[in-house]
file work-v1.pdb (PDB, C-alpha atoms)
ATOM      1  CA  MET A   1     114.207 114.442  61.420  1.00  0.00           C
ATOM      2  CA  ARG A   2     113.281 111.477  63.528  1.00  0.00           C
ATOM      3  CA  LYS A   3     110.980 108.798  62.192  1.00  0.00           C
ATOM      4  CA  ALA A   4     107.430 108.920  63.542  1.00  0.00           C
ATOM      5  CA  TYR A   5     106.090 105.848  65.278  1.00  0.00           C
ATOM      6  CA  ASP A   6     103.670 103.839  63.192  1.00  0.00           C
ATOM      7  CA  ALA A   7     101.528 102.300  65.947  1.00  0.00           C
ATOM      8  CA  PRO A   8      99.664 103.596  69.015  1.00  0.00           C
ATOM      9  CA  PHE A   9     102.704 102.640  71.076  1.00  0.00           C
ATOM     10  CA  LEU A  10     106.120 101.327  70.266  1.00  0.00           C
ATOM     11  CA  PRO A  11     107.134  97.798  71.219  1.00  0.00           C
ATOM     12  CA  MET A  12     109.099  97.487  74.416  1.00  0.00           C
ATOM     13  CA  LYS A  13     112.848  97.693  73.905  1.00  0.00           C
ATOM     14  CA  MET A  14     115.806  96.643  76.015  1.00  0.00           C
ATOM     15  CA  CYS A  15     118.577  99.189  76.354  1.00  0.00           C
ATOM     16  CA  ASN A  16     121.877  98.693  74.542  1.00  0.00           C
ATOM     17  CA  PHE A  17     123.603  97.127  77.533  1.00  0.00           C
ATOM     18  CA  ALA A  18     122.029  94.386  79.592  1.00  0.00           C
ATOM     19  CA  SER A  19     122.926  95.715  83.009  1.00  0.00           C
ATOM     20  CA  GLU A  20     125.367  97.761  84.996  1.00  0.00           C
ATOM     21  CA  LYS A  21     126.862  96.441  88.203  1.00  0.00           C
ATOM     22  CA  ALA A  22     126.348  98.638  91.225  1.00  0.00           C
ATOM     23  CA  ASP A  23     129.054  97.121  93.359  1.00  0.00           C
ATOM     24  CA  LYS A  24     130.097 100.262  95.194  1.00  0.00           C
ATOM     25  CA  MET A  25     127.338  99.809  97.747  1.00  0.00           C
ATOM     26  CA  ASP A  26     128.533  98.545 101.100  1.00  0.00           C
ATOM     27  CA  LYS A  27     125.705  96.062 101.591  1.00  0.00           C
ATOM     28  CA  ALA A  28     123.728  95.734  98.390  1.00  0.00           C
ATOM     29  CA  HIS A  29     124.950  94.137  95.175  1.00  0.00           C
ATOM     30  CA  PHE A  30     122.535  94.328  92.277  1.00  0.00           C
ATOM     31  CA  SER A  31     122.214  95.010  88.571  1.00  0.00           C
ATOM     32  CA  LEU A  32     120.122  97.550  86.683  1.00  0.00           C
ATOM     33  CA  THR A  33     118.289  96.626  83.492  1.00  0.00           C
ATOM     34  CA  HIS A  34     116.415  99.295  81.551  1.00  0.00           C
ATOM     35  CA  LEU A  35     113.307  98.686  79.435  1.00  0.00           C
ATOM     36  CA  THR A  36     111.603 101.350  77.339  1.00  0.00           C
ATOM     37  CA  THR A  37     108.418 101.903  75.400  1.00  0.00           C
ATOM     38  CA  ALA A  38     106.538 104.946  74.095  1.00  0.00           C
ATOM     39  CA  LEU A  39     102.945 105.956  73.440  1.00  0.00           C
ATOM     40  CA  PRO A  40     100.938 109.118  72.732  1.00  0.00           C
ATOM     41  CA  ARG A  41     100.450 111.333  75.756  1.00  0.00           C
ATOM     42  CA  ALA A  42      96.658 111.402  75.264  1.00  0.00           C
ATOM     43  CA  GLU A  43      96.536 107.608  75.395  1.00  0.00           C
ATOM     44  CA  TYR A  44      98.692 107.434  78.495  1.00  0.00           C
ATOM     45  CA  VAL A  45      96.493 109.976  80.280  1.00  0.00           C
ATOM     46  CA  ARG A  46      93.302 108.182  79.221  1.00  0.00           C
ATOM     47  CA  ASP A  47      94.321 104.643  80.137  1.00  0.00           C
ATOM     48  CA  TYR A  48      96.879 104.991  82.924  1.00  0.00           C
ATOM     49  CA  ARG A  49      95.816 107.972  85.004  1.00  0.00           C
ATOM     50  CA  ASP A  50      93.474 108.182  87.985  1.00  0.00           C
ATOM     51  CA  THR A  51      94.247 111.546  89.542  1.00  0.00           C
ATOM     52  CA  ALA A  52      91.810 111.424  92.445  1.00  0.00           C
ATOM     53  CA  ARG A  53      92.920 107.972  93.533  1.00  0.00           C
ATOM     54  CA  PHE A  54      96.686 108.429  93.403  1.00  0.00           C
ATOM     55  CA  THR A  55      96.870 111.994  94.688  1.00  0.00           C
ATOM     56  CA  SER A  56      94.828 110.825  97.679  1.00  0.00           C
ATOM     57  CA  TYR A  57      97.559 108.251  98.339  1.00  0.00           C
ATOM     58  CA  CYS A  58     100.133 111.052  98.213  1.00  0.00           C
ATOM     59  CA  ALA A  59      98.144 113.023 100.783  1.00  0.00           C
ATOM     60  CA  GLN A  60      98.565 110.114 103.219  1.00  0.00           C
ATOM     61  CA  CYS A  61     102.359 110.092 102.860  1.00  0.00           C
ATOM     62  CA  GLY A  62     104.544 111.682 105.510  1.00  0.00           C
ATOM     63  CA  GLN A  63     106.368 113.705 102.828  1.00  0.00           C
ATOM     64  CA  TYR A  64     103.198 115.385 101.556  1.00  0.00           C
ATOM     65  CA  GLY A  65     103.779 119.124 101.570  1.00  0.00           C
ATOM     66  CA  ARG A  66     107.274 118.638 103.005  1.00  0.00           C
ATOM     67  CA  ARG A  67     109.280 118.304  99.784  1.00  0.00           C
ATOM     68  CA  TRP A  68     109.107 120.418  96.647  1.00  0.00           C
ATOM     69  CA  SER A  69     109.183 117.181  94.647  1.00  0.00           C
ATOM     70  CA  CYS A  70     105.897 116.139  96.311  1.00  0.00           C
ATOM     71  CA  PRO A  71     102.395 117.593  96.122  1.00  0.00           C
ATOM     72  CA  PRO A  72     100.550 119.811  96.687  1.00  0.00           C
ATOM     73  CA  TYR A  73     102.090 121.813  93.847  1.00  0.00           C
ATOM     74  CA  ASP A  74     102.131 125.532  93.200  1.00  0.00           C
ATOM     75  CA  PHE A  75     101.483 125.143  89.453  1.00  0.00           C
ATOM     76  CA  ASP A  76      98.716 123.800  87.217  1.00  0.00           C
ATOM     77  CA  VAL A  77      99.361 120.065  86.866  1.00  0.00           C
ATOM     78  CA  GLU A  78      96.947 119.690  83.952  1.00  0.00           C
ATOM     79  CA  LYS A  79      98.657 122.379  81.881  1.00  0.00           C
ATOM     80  CA  ARG A  80     102.017 120.766  82.581  1.00  0.00           C
ATOM     81  CA  VAL A  81     100.812 117.402  81.247  1.00  0.00           C
ATOM     82  CA  GLU A  82      98.798 118.658  78.276  1.00  0.00           C
ATOM     83  CA  GLN A  83     101.641 120.505  76.568  1.00  0.00           C
ATOM     84  CA  TYR A  84     103.359 117.272  75.528  1.00  0.00           C
ATOM     85  CA  GLU A  85     102.676 114.904  72.662  1.00  0.00           C
ATOM     86  CA  THR A  86     104.586 111.684  73.366  1.00  0.00           C
ATOM     87  CA  VAL A  87     105.460 109.797  76.538  1.00  0.00           C
ATOM     88  CA  VAL A  88     108.540 107.603  76.729  1.00  0.00           C
ATOM     89  CA  ILE A  89     108.306 105.165  79.642  1.00  0.00           C
ATOM     90  CA  ILE A  90     111.521 103.801  81.169  1.00  0.00           C
ATOM     91  CA  GLY A  91     111.450 100.896  83.602  1.00  0.00           C
ATOM     92  CA  THR A  92     114.618 100.332  85.600  1.00  0.00           C
ATOM     93  CA  LYS A  93     114.642  96.839  87.069  1.00  0.00           C
ATOM     94  CA  ILE A  94     116.878  96.489  90.116  1.00  0.00           C
ATOM     95  CA  THR A  95     117.731  92.801  90.470  1.00  0.00           C
ATOM     96  CA  PHE A  96     119.440  91.671  93.671  1.00  0.00           C
ATOM     97  CA  GLU A  97     122.077  88.974  93.829  1.00  0.00           C
ATOM     98  CA  LYS A  98     120.856  85.622  95.095  1.00  0.00           C
ATOM     99  CA  THR A  99     122.953  85.969  98.234  1.00  0.00           C
ATOM    100  CA  LEU A 100     120.843  88.965  99.284  1.00  0.00           C
ATOM    101  CA  GLN A 101     117.483  87.298  98.692  1.00  0.00           C
ATOM    102  CA  GLN A 102     117.096  86.076 102.220  1.00  0.00           C
ATOM    103  CA  VAL A 103     115.212  86.749 105.412  1.00  0.00           C
ATOM    104  CA  TYR A 104     116.865  89.490 107.456  1.00  0.00           C
ATOM    105  CA  PRO A 105     116.844  89.737 111.253  1.00  0.00           C
ATOM    106  CA  THR A 106     114.877  92.994 111.104  1.00  0.00           C
ATOM    107  CA  ALA A 107     112.780  94.921 108.613  1.00  0.00           C
ATOM    108  CA  GLN A 108     115.135  97.844 109.187  1.00  0.00           C
ATOM    109  CA  GLU A 109     118.073  95.889 107.752  1.00  0.00           C
ATOM    110  CA  ARG A 110     116.007  94.819 104.752  1.00  0.00           C
ATOM    111  CA  ASN A 111     114.807  98.387 104.194  1.00  0.00           C
ATOM    112  CA  GLN A 112     118.359  99.704 104.319  1.00  0.00           C
ATOM    113  CA  ILE A 113     119.390  97.473 101.422  1.00  0.00           C
ATOM    114  CA  SER A 114     116.323  98.223  99.303  1.00  0.00           C
ATOM    115  CA  ASN A 115     116.539 101.955 100.050  1.00  0.00           C
ATOM    116  CA  ASP A 116     120.231 102.046  99.092  1.00  0.00           C
ATOM    117  CA  ALA A 117     119.414 100.299  95.816  1.00  0.00           C
ATOM    118  CA  MET A 118     116.550 102.672  94.994  1.00  0.00           C
ATOM    119  CA  ARG A 119     118.684 105.661  95.904  1.00  0.00           C
ATOM    120  CA  TYR A 120     121.434 104.485  93.558  1.00  0.00           C
ATOM    121  CA  ALA A 121     118.952 103.827  90.728  1.00  0.00           C
ATOM    122  CA  GLY A 122     117.351 107.216  91.316  1.00  0.00           C
ATOM    123  CA  LYS A 123     120.700 108.968  90.974  1.00  0.00           C
ATOM    124  CA  VAL A 124     121.504 107.008  87.823  1.00  0.00           C
ATOM    125  CA  MET A 125     118.200 107.975  86.231  1.00  0.00           C
ATOM    126  CA  GLN A 126     118.468 111.601  87.361  1.00  0.00           C
ATOM    127  CA  ARG A 127     121.705 111.907  85.384  1.00  0.00           C
ATOM    128  CA  GLN A 128     120.264 109.973  82.464  1.00  0.00           C
ATOM    129  CA  HIS A 129     117.139 112.124  82.232  1.00  0.00           C
ATOM    130  CA  GLU A 130     119.185 115.324  82.380  1.00  0.00           C
ATOM    131  CA  LYS A 131     121.098 114.066  79.352  1.00  0.00           C
ATOM    132  CA  TRP A 132     117.867 113.278  77.504  1.00  0.00           C
ATOM    133  CA  GLU A 133     116.340 116.659  78.316  1.00  0.00           C
ATOM    134  CA  ALA A 134     119.422 118.300  76.807  1.00  0.00           C
ATOM    135  CA  GLN A 135     119.093 116.042  73.764  1.00  0.00           C
ATOM    136  CA  TYR A 136     115.378 116.904  73.381  1.00  0.00           C
ATOM    137  CA  PRO A 137     114.949 120.600  74.290  1.00  0.00           C
ATOM    138  CA  GLY A 138     111.475 121.323  75.618  1.00  0.00           C
ATOM    139  CA  SER A 139     111.036 117.813  77.034  1.00  0.00           C
ATOM    140  CA  TYR A 140     110.230 117.142  80.684  1.00  0.00           C
ATOM    141  CA  SER A 141     111.190 114.220  82.905  1.00  0.00           C
ATOM    142  CA  PHE A 142     109.313 112.447  85.656  1.00  0.00           C
ATOM    143  CA  ILE A 143     111.776 110.655  87.888  1.00  0.00           C
ATOM    144  CA  SER A 144     111.605 109.466  91.483  1.00  0.00           C
ATOM    145  CA  ALA A 145     109.272 110.449  94.301  1.00  0.00           C
ATOM    146  CA  ASN A 146     112.382 110.787  96.455  1.00  0.00           C
ATOM    147  CA  CYS A 147     114.580 113.760  95.614  1.00  0.00           C
ATOM    148  CA  PHE A 148     118.294 113.295  96.365  1.00  0.00           C
ATOM    149  CA  LEU A 149     119.638 116.614  95.078  1.00  0.00           C
ATOM    150  CA  CYS A 150     120.249 118.086  98.528  1.00  0.00           C
ATOM    151  CA  GLY A 151     121.816 114.939  99.925  1.00  0.00           C
ATOM    152  CA  ASP A 152     121.051 114.564 103.612  1.00  0.00           C
ATOM    153  CA  THR A 153     120.045 118.219 103.985  1.00  0.00           C
ATOM    154  CA  PRO A 154     116.282 118.568 104.643  1.00  0.00           C
ATOM    155  CA  CYS A 155     114.224 120.085 101.835  1.00  0.00           C
ATOM    156  CA  ALA A 156     114.021 123.885 101.883  1.00  0.00           C
ATOM    157  CA  ARG A 157     110.218 123.599 101.781  1.00  0.00           C
ATOM    158  CA  LEU A 158     110.284 122.735 105.481  1.00  0.00           C
ATOM    159  CA  GLU A 159     111.637 126.239 106.132  1.00  0.00           C
ATOM    160  CA  GLY A 160     109.176 127.915 103.803  1.00  0.00           C
ATOM    161  CA  LYS A 161     111.934 128.547 101.253  1.00  0.00           C
ATOM    162  CA  MET A 162     112.059 127.838  97.537  1.00  0.00           C
ATOM    163  CA  CYS A 163     113.758 124.774  96.063  1.00  0.00           C
ATOM    164  CA  ARG A 164     117.568 124.937  96.046  1.00  0.00           C
ATOM    165  CA  HIS A 165     117.773 123.173  92.661  1.00  0.00           C
ATOM    166  CA  PRO A 166     114.638 124.152  90.683  1.00  0.00           C
ATOM    167  CA  GLU A 167     116.398 123.608  87.353  1.00  0.00           C
ATOM    168  CA  ARG A 168     117.106 119.949  88.218  1.00  0.00           C
ATOM    169  CA  MET A 169     114.320 118.894  90.578  1.00  0.00           C
ATOM    170  CA  ARG A 170     111.632 116.724  88.967  1.00  0.00           C
ATOM    171  CA  HIS A 171     108.440 115.046  90.133  1.00  0.00           C
ATOM    172  CA  SER A 172     107.177 111.463  90.045  1.00  0.00           C
ATOM    173  CA  LEU A 173     104.523 110.057  87.736  1.00  0.00           C
ATOM    174  CA  GLU A 174     102.360 108.901  90.649  1.00  0.00           C
ATOM    175  CA  SER A 175     102.253 112.407  92.123  1.00  0.00           C
ATOM    176  CA  PHE A 176     100.567 113.509  88.880  1.00  0.00           C
ATOM    177  CA  GLY A 177      98.018 110.713  89.196  1.00  0.00           C
ATOM    178  CA  PHE A 178      99.581 108.031  86.987  1.00  0.00           C
ATOM    179  CA  ASP A 179      99.231 104.349  87.871  1.00  0.00           C
ATOM    180  CA  ILE A 180     102.769 102.979  88.186  1.00  0.00           C
ATOM    181  CA  GLY A 181     101.679  99.389  88.775  1.00  0.00           C
ATOM    182  CA  LYS A 182      99.555  99.303  85.635  1.00  0.00           C
ATOM    183  CA  THR A 183     102.259 101.145  83.687  1.00  0.00           C
ATOM    184  CA  ALA A 184     104.915  98.596  84.654  1.00  0.00           C
ATOM    185  CA  THR A 185     102.719  95.543  84.039  1.00  0.00           C
ATOM    186  CA  SER A 186     100.898  96.547  80.858  1.00  0.00           C
ATOM    187  CA  LEU A 187     103.494  98.656  79.075  1.00  0.00           C
ATOM    188  CA  LEU A 188     106.798  97.187  80.263  1.00  0.00           C
ATOM    189  CA  GLY A 189     105.818  93.622  81.087  1.00  0.00           C
ATOM    190  CA  ILE A 190     107.209  93.869  84.628  1.00  0.00           C
ATOM    191  CA  ASP A 191     105.190  92.992  87.730  1.00  0.00           C
ATOM    192  CA  LEU A 192     106.041  95.100  90.750  1.00  0.00           C
ATOM    193  CA  LYS A 193     107.537  93.128  93.633  1.00  0.00           C
ATOM    194  CA  TRP A 194     107.123  93.910  97.318  1.00  0.00           C
ATOM    195  CA  ALA A 195     108.989  92.823 100.410  1.00  0.00           C
ATOM    196  CA  ARG A 196     107.376  90.103 102.497  1.00  0.00           C
ATOM    197  CA  GLY A 197     108.122  90.358 106.175  1.00  0.00           C
ATOM    198  CA  ASN A 198     111.892  90.721 106.514  1.00  0.00           C
ATOM    199  CA  GLU A 199     112.631  89.150 103.125  1.00  0.00           C
ATOM    200  CA  LEU A 200     114.127  91.163 100.269  1.00  0.00           C
ATOM    201  CA  PRO A 201     112.215  90.801  96.976  1.00  0.00           C
ATOM    202  CA  GLU A 202     113.852  89.349  93.878  1.00  0.00           C
ATOM    203  CA  TYR A 203     113.845  92.798  92.297  1.00  0.00           C
ATOM    204  CA  LEU A 204     112.492  96.339  92.587  1.00  0.00           C
ATOM    205  CA  VAL A 205     111.288  98.579  89.760  1.00  0.00           C
ATOM    206  CA  LEU A 206     111.760 102.314  89.273  1.00  0.00           C
ATOM    207  CA  VAL A 207     109.447 103.760  86.607  1.00  0.00           C
ATOM    208  CA  THR A 208     110.410 107.091  85.067  1.00  0.00           C
ATOM    209  CA  ALA A 209     109.253 108.927  81.956  1.00  0.00           C
ATOM    210  CA  LEU A 210     110.291 111.498  79.396  1.00  0.00           C
ATOM    211  CA  PHE A 211     107.477 113.685  78.014  1.00  0.00           C
ATOM    212  CA  LEU A 212     108.239 115.038  74.550  1.00  0.00           C
ATOM    213  CA  PRO A 213     106.637 118.047  72.821  1.00  0.00           C
ATOM    214  CA  GLN A 214     104.975 117.767  69.440  1.00  0.00           C
ATOM    215  CA  SER A 215     108.070 118.980  67.599  1.00  0.00           C
ATOM    216  CA  TYR A 216     109.842 115.629  68.067  1.00  0.00           C
ATOM    217  CA  MET A 217     109.126 112.531  66.021  1.00  0.00           C
ATOM    218  CA  PHE A 218     110.347 109.863  68.433  1.00  0.00           C
ATOM    219  CA  ASN A 219     111.489 106.577  66.903  1.00  0.00           C
ATOM    220  CA  GLY A 220     111.731 104.560  70.098  1.00  0.00           C
ATOM    221  CA  ASP A 221     115.473 104.701  70.654  1.00  0.00           C
ATOM    222  CA  LEU A 222     117.121 106.107  73.772  1.00  0.00           C
ATOM    223  CA  SER A 223     120.835 105.895  74.402  1.00  0.00           C
ATOM    224  CA  PHE A 224     121.915 104.796  77.869  1.00  0.00           C
ATOM    225  CA  ASP A 225     125.198 105.653  79.533  1.00  0.00           C
ATOM    226  CA  THR A 226     126.882 103.858  82.387  1.00  0.00           C
ATOM    227  CA  PRO A 227     127.251 106.857  84.690  1.00  0.00           C
ATOM    228  CA  LYS A 228     129.638 106.973  87.608  1.00  0.00           C
ATOM    229  CA  ILE A 229     127.655 107.602  90.771  1.00  0.00           C
ATOM    230  CA  ASP A 230     129.384 108.387  94.058  1.00  0.00           C
TER     231      ASP A 230
END
call {"tool": "encode", "arguments": {"input": "work-v1.pdb", "output": "structure tokens"}}
result
Amino acid sequence: MRKAYDAPFLPMKMCNFASEKADKMDKAHFSLTHLTTALPRAEYVRDYRDTARFTSYCAQCGQYGRRWSCPPYDFDVEKRVEQYETVVIIGTKITFEKTLQQVYPTAQERNQISNDAMRYAGKVMQRQHEKWEAQYPGSYSFISANCFLCGDTPCARLEGKMCRHPERMRHSLESFGFDIGKTATSLLGIDLKWARGNELPEYLVLVTALFLPQSYMFNGDLSFDTPKID
């Protein structure tokens, strides 16, 4: 039996290893640092969710209705959220080497580096969350807005077909109306950084979450692997 948390939310914790070097990328060299915290689901919904605001942002995105990982959804979002008791928030900080923090000739070059980094981090966390879901049966993960399970193949939703990987595909917190900026700043102590012109930011942040059912008494500890990502 796991020890129940004693406070409304658990203090932020650093993962067991400081960072993992993602040096397989052709252009981008960076490290990943994971921070975690946990709080009751009811509190997270009350203080960090604005469904109307953030789903309206999703509706303005070019992927809206084009990916099964993006809204509009064919299930009841409220019922999906309400069945869980505890939310574990994981912030993955992608810190670029100093040599990359420069002004690039074009925004396209800058975007390529940041997109490669986010893609790598997304794959790392996809594998990590699958491990945690197996460790906590009945849990549900919220990962990245971008789904990478089909590689470069367009989503089956474009052809009016069902998802090719429904057992693995997950949604993002923001698509369910959660405020990622506030989550990162208030719960993880990380301010989101944005590119300025053609300059790469010091770091990027990927916020994911593991929603746990009432049967688990979460004590704030998650084990992190150093997965091998191709």
call {"tool": "axis_aligned_box", "arguments": {"input": "work-v1.pdb", "around": "segment 37-42 of chain A", "padding_each_side": "5 Å", "output": "JSON"}}
result
{"center_x": 102.5, "center_y": 106.7, "center_z": 74.2, "size_x": 21.8, "size_y": 19.5, "size_z": 13.0}
call {"tool": "closest_residue", "arguments": {"input": "work-v1.pdb", "among": "A:Ala134, A:Ala209, A:His129, A:Gly65", "to": "Thr183 of chain A", "atoms": "all atoms listed in the file"}}
result
A:Ala209
call {"tool": "resolve_selection", "arguments": {"input": "work-v1.pdb", "expression": "the PyMOL selection byres ((chain A and resi 140-142) around 8)", "output": "list in words"}}
result
His129, Glu133, Gly138, Ser139, Ile143, Ser144, Arg170, His171, Ser172, Leu173, Thr208, Ala209, Leu210, Phe211 and Leu212 of chain A
call {"tool": "residues_near_point", "arguments": {"input": "work-v1.pdb", "point": "(107.0, 120.4, 106.3)", "cutoff": "8 Å", "atoms": "all atoms listed in the file", "output": "PyMOL selection string"}}
result
chain A and resi 63-67+157-159
call {"tool": "residues_around", "arguments": {"input": "work-v1.pdb", "residues": "segment 200-207 of chain A", "least_positions_apart": "4", "cutoff": "7 Å", "atoms": "all atoms listed in the file", "output": "list in words"}}
result
Ile90, Gly91, Thr92, Lys93, Ile94, Thr95, Phe96, Gln101, Gln102, Val103, Arg110, Ile180, Leu192, Lys193, Trp194 and Ala195 of chain A
call {"tool": "write_last_selection", "arguments": {"input": "work-v1.pdb", "atoms": "C-alpha atoms", "output": "short mmCIF file (atom, residue, chain, number, x, y, z; two decimals), in the coordinates of the input"}}
result
data_model
loop_
_atom_site.label_atom_id
_atom_site.label_comp_id
_atom_site.auth_asym_id
_atom_site.auth_seq_id
_atom_site.Cartn_x
_atom_site.Cartn_y
_atom_site.Cartn_z
CA ILE A 90 111.52 103.80 81.17
CA GLY A 91 111.45 100.90 83.60
CA THR A 92 114.62 100.33 85.60
CA LYS A 93 114.64 96.84 87.07
CA ILE A 94 116.88 96.49 90.12
CA THR A 95 117.73 92.80 90.47
CA PHE A 96 119.44 91.67 93.67
CA GLN A 101 117.48 87.30 98.69
CA GLN A 102 117.10 86.08 102.22
CA VAL A 103 115.21 86.75 105.41
CA ARG A 110 116.01 94.82 104.75
CA ILE A 180 102.77 102.98 88.19
CA LEU A 192 106.04 95.10 90.75
CA LYS A 193 107.54 93.13 93.63
CA TRP A 194 107.12 93.91 97.32
CA ALA A 195 108.99 92.82 100.41
#
call {"tool": "atom_distance", "arguments": {"input": "work-v1.pdb", "atom1": "atom CA of Pro72 of chain A", "atom2": "atom CA of Arg53 of chain A"}}
result
14.4 Å
call {"tool": "closest_residue", "arguments": {"input": "work-v1.pdb", "among": "A:Phe178, A:Tyr84, A:Trp68, A:Tyr120", "to": "Met162 of chain A", "atoms": "all atoms listed in the file"}}
result
A:Trp68
call {"tool": "closest_residue", "arguments": {"input": "work-v1.pdb", "among": "A:Ile113, A:Leu39, A:Ile89, A:Cys58", "to": "Ala184 of chain A", "atoms": "all atoms listed in the file"}}
result
A:Ile89
call {"tool": "residues_near_point", "arguments": {"input": "work-v1.pdb", "point": "(94.3, 115.2, 89.4)", "cutoff": "10 Å", "atoms": "all atoms listed in the file", "output": "list of chain:residue names"}}
result
A:Arg49, A:Asp50, A:Thr51, A:Ala52, A:Arg53, A:Phe54, A:Thr55, A:Ser56, A:Asp76, A:Val77, A:Glu78, A:Ser175, A:Phe176, A:Gly177, A:Phe178
call {"tool": "atom_distance", "arguments": {"input": "work-v1.pdb", "atom1": "atom CA of Ser69 of chain A", "atom2": "atom CA of Glu199 of chain A"}}
result
29.5 Å
call {"tool": "closest_residue", "arguments": {"input": "work-v1.pdb", "among": "A:Tyr136, A:Cys61, A:Cys150, A:Ala121", "to": "His165 of chain A", "atoms": "all atoms listed in the file"}}
result
A:Cys150
call {"tool": "atom_distance", "arguments": {"input": "work-v1.pdb", "atom1": "atom CA of Ala145 of chain A", "atom2": "atom CA of Lys123 of chain A"}}
result
12.0 Å
call {"tool": "decode", "arguments": {"input": "work-v1.pdb", "residues": "segment 145-166 of chain A", "atoms": "C-alpha atoms", "output": "CSV table (one decimal), in the first residue's frame"}}
result
chain,number,residue,atom,x,y,z
A,145,ALA,CA,-0.5,17.6,-28.5
A,146,ASN,CA,1.6,16.2,-31.3
A,147,CYS,CA,1.2,12.4,-31.8
A,148,PHE,CA,4.2,10.7,-33.3
A,149,LEU,CA,2.9,7.1,-33.3
A,150,CYS,CA,2.4,6.9,-37.1
A,151,GLY,CA,5.7,8.6,-37.9
A,152,ASP,CA,5.5,10.6,-41.0
A,153,THR,CA,2.2,8.9,-42.1
A,154,PRO,CA,-0.8,11.3,-42.0
A,155,CYS,CA,-3.3,10.6,-39.3
A,156,ALA,CA,-6.1,8.2,-40.3
A,157,ARG,CA,-8.7,10.7,-39.2
A,158,LEU,CA,-8.0,12.6,-42.5
A,159,GLU,CA,-9.4,9.6,-44.3
A,160,GLY,CA,-12.3,9.2,-42.0
A,161,LYS,CA,-10.8,6.1,-40.5
A,162,MET,CA,-10.2,5.2,-36.8
A,163,CYS,CA,-6.9,5.6,-35.0
A,164,ARG,CA,-4.3,3.1,-36.0
A,165,HIS,CA,-2.9,2.9,-32.4
A,166,PRO,CA,-5.9,3.6,-30.0
